[in-house]
Amino acid sequence: MVAVAERTATARKEYVASRNAPARVRRAKARPRSRVNPIKFILSIAGLICVFGYVGVYANLTAVSYNRSKLMSDYRLEKIKNQRLRVELIRRSSPIYVVAGAERAGMAPAVTYDYLGKTQTVASAGR
């Protein structure tokens with residue numbers, strides 16, 4: 001029994017000593033710095049360039065489409081306006097309209113006509 005008591009006392013001393021001993025500072029293993037794989041980096045940059053390029057082209061295409069639609073609308077309006085102006089030109093250049101305008105202005109048809117000779121000019125004919 002004495003031997004058992006001595007072993008128990010020794011075990012207790014070792015336990016108490018281990019508890020009171022300064023704690024060991026465990027250092028974390030230094031991880032090697034992760035290097036960026038150059039291939040992955042280049043591929044990611046190329047992917048970003050492709051995405052931004054696609055978005056840029058799509059935005060430009062949309063802007064051109066809106067501009068084309070506006071121009072086509074303006075073209076249709078100008079075409080209609082041109083047709084109206086042609087009808088007005090035909091109406092105003094008709095002989096009936098010209099005679100009516102002359103009568104409203106107080107003009108009368110000429111009774112006699114004066115013709116210029118080849119050597120005469122308008123300025124010399126009036127004298």
# chains A, B, ... in the order shown; residues from 1 in each chain; ligands from 1
>>> select_by_dssp(residues="stretch 35-120 of chain A", states="helix (DSSP H, G or I)", output="MDAnalysis selection string")
chainID A and resid 38:92 95:104
>>> write_last_selection(atoms="C-alpha atoms", output="CSV table (one decimal), in the first residue's frame")
chain,number,residue,atom,x,y,z
A,38,PRO,CA,-0.2,34.0,-63.9
A,39,ILE,CA,-2.3,31.9,-66.3
A,40,LYS,CA,-5.4,32.4,-64.1
A,41,PHE,CA,-4.7,36.1,-63.7
A,42,ILE,CA,-4.3,36.6,-67.5
A,43,LEU,CA,-7.5,34.5,-68.2
A,44,SER,CA,-9.5,36.5,-65.6
A,45,ILE,CA,-8.3,39.8,-67.1
A,46,ALA,CA,-9.2,38.6,-70.6
A,47,GLY,CA,-12.6,37.5,-69.3
A,48,LEU,CA,-13.2,41.0,-67.9
A,49,ILE,CA,-12.1,42.6,-71.1
A,50,CYS,CA,-14.5,40.4,-73.1
A,51,VAL,CA,-17.4,41.2,-70.7
A,52,PHE,CA,-16.8,44.9,-70.8
A,53,GLY,CA,-16.3,44.8,-74.6
A,54,TYR,CA,-19.6,43.0,-75.1
A,55,VAL,CA,-21.4,45.4,-72.9
A,56,GLY,CA,-19.8,48.4,-74.8
A,57,VAL,CA,-20.7,46.9,-78.2
A,58,TYR,CA,-24.3,46.2,-77.0
A,59,ALA,CA,-24.7,49.7,-75.7
A,60,ASN,CA,-23.4,51.2,-78.9
A,61,LEU,CA,-25.7,49.0,-81.0
A,62,THR,CA,-28.7,50.1,-78.9
A,63,ALA,CA,-27.8,53.8,-79.3
A,64,VAL,CA,-27.4,53.4,-83.1
A,65,SER,CA,-30.7,51.6,-83.2
A,66,TYR,CA,-32.5,54.4,-81.4
A,67,ASN,CA,-30.8,57.0,-83.6
A,68,ARG,CA,-31.8,55.0,-86.7
A,69,SER,CA,-35.4,54.8,-85.6
A,70,LYS,CA,-35.5,58.6,-85.0
A,71,LEU,CA,-34.0,59.3,-88.4
A,72,MET,CA,-36.5,57.0,-90.1
A,73,SER,CA,-39.3,58.8,-88.3
A,74,ASP,CA,-37.9,62.2,-89.3
A,75,TYR,CA,-37.5,60.9,-92.9
A,76,ARG,CA,-41.2,59.8,-93.1
A,77,LEU,CA,-42.3,63.2,-91.8
A,78,GLU,CA,-40.1,65.1,-94.3
A,79,LYS,CA,-41.4,62.9,-97.1
A,80,ILE,CA,-45.0,63.7,-96.3
A,81,LYS,CA,-44.1,67.4,-96.0
A,82,ASN,CA,-42.3,67.2,-99.4
A,83,GLN,CA,-45.4,65.6,-101.0
A,84,ARG,CA,-47.6,68.4,-99.6
A,85,LEU,CA,-45.2,71.1,-100.9
A,86,ARG,CA,-45.2,69.5,-104.4
A,87,VAL,CA,-49.0,69.6,-104.5
A,88,GLU,CA,-48.9,73.2,-103.4
A,89,LEU,CA,-46.4,74.0,-106.1
A,90,ILE,CA,-48.5,72.4,-108.8
A,91,ARG,CA,-51.6,74.2,-107.5
A,92,ARG,CA,-49.9,77.6,-107.4
A,95,PRO,CA,-52.4,79.1,-115.1
A,96,ILE,CA,-55.8,79.6,-113.5
A,97,TYR,CA,-54.1,80.5,-110.1
A,98,VAL,CA,-51.6,82.8,-111.8
A,99,VAL,CA,-54.4,84.7,-113.7
A,100,ALA,CA,-56.5,84.9,-110.6
A,101,GLY,CA,-53.6,86.4,-108.6
A,102,ALA,CA,-52.9,88.9,-111.3
A,103,GLU,CA,-56.5,90.0,-111.4
A,104,ARG,CA,-56.5,90.4,-107.6
>>> atom_distance(atom1="atom CA of A:Asp114", atom2="atom CA of A:Ser93")
25.5 Å
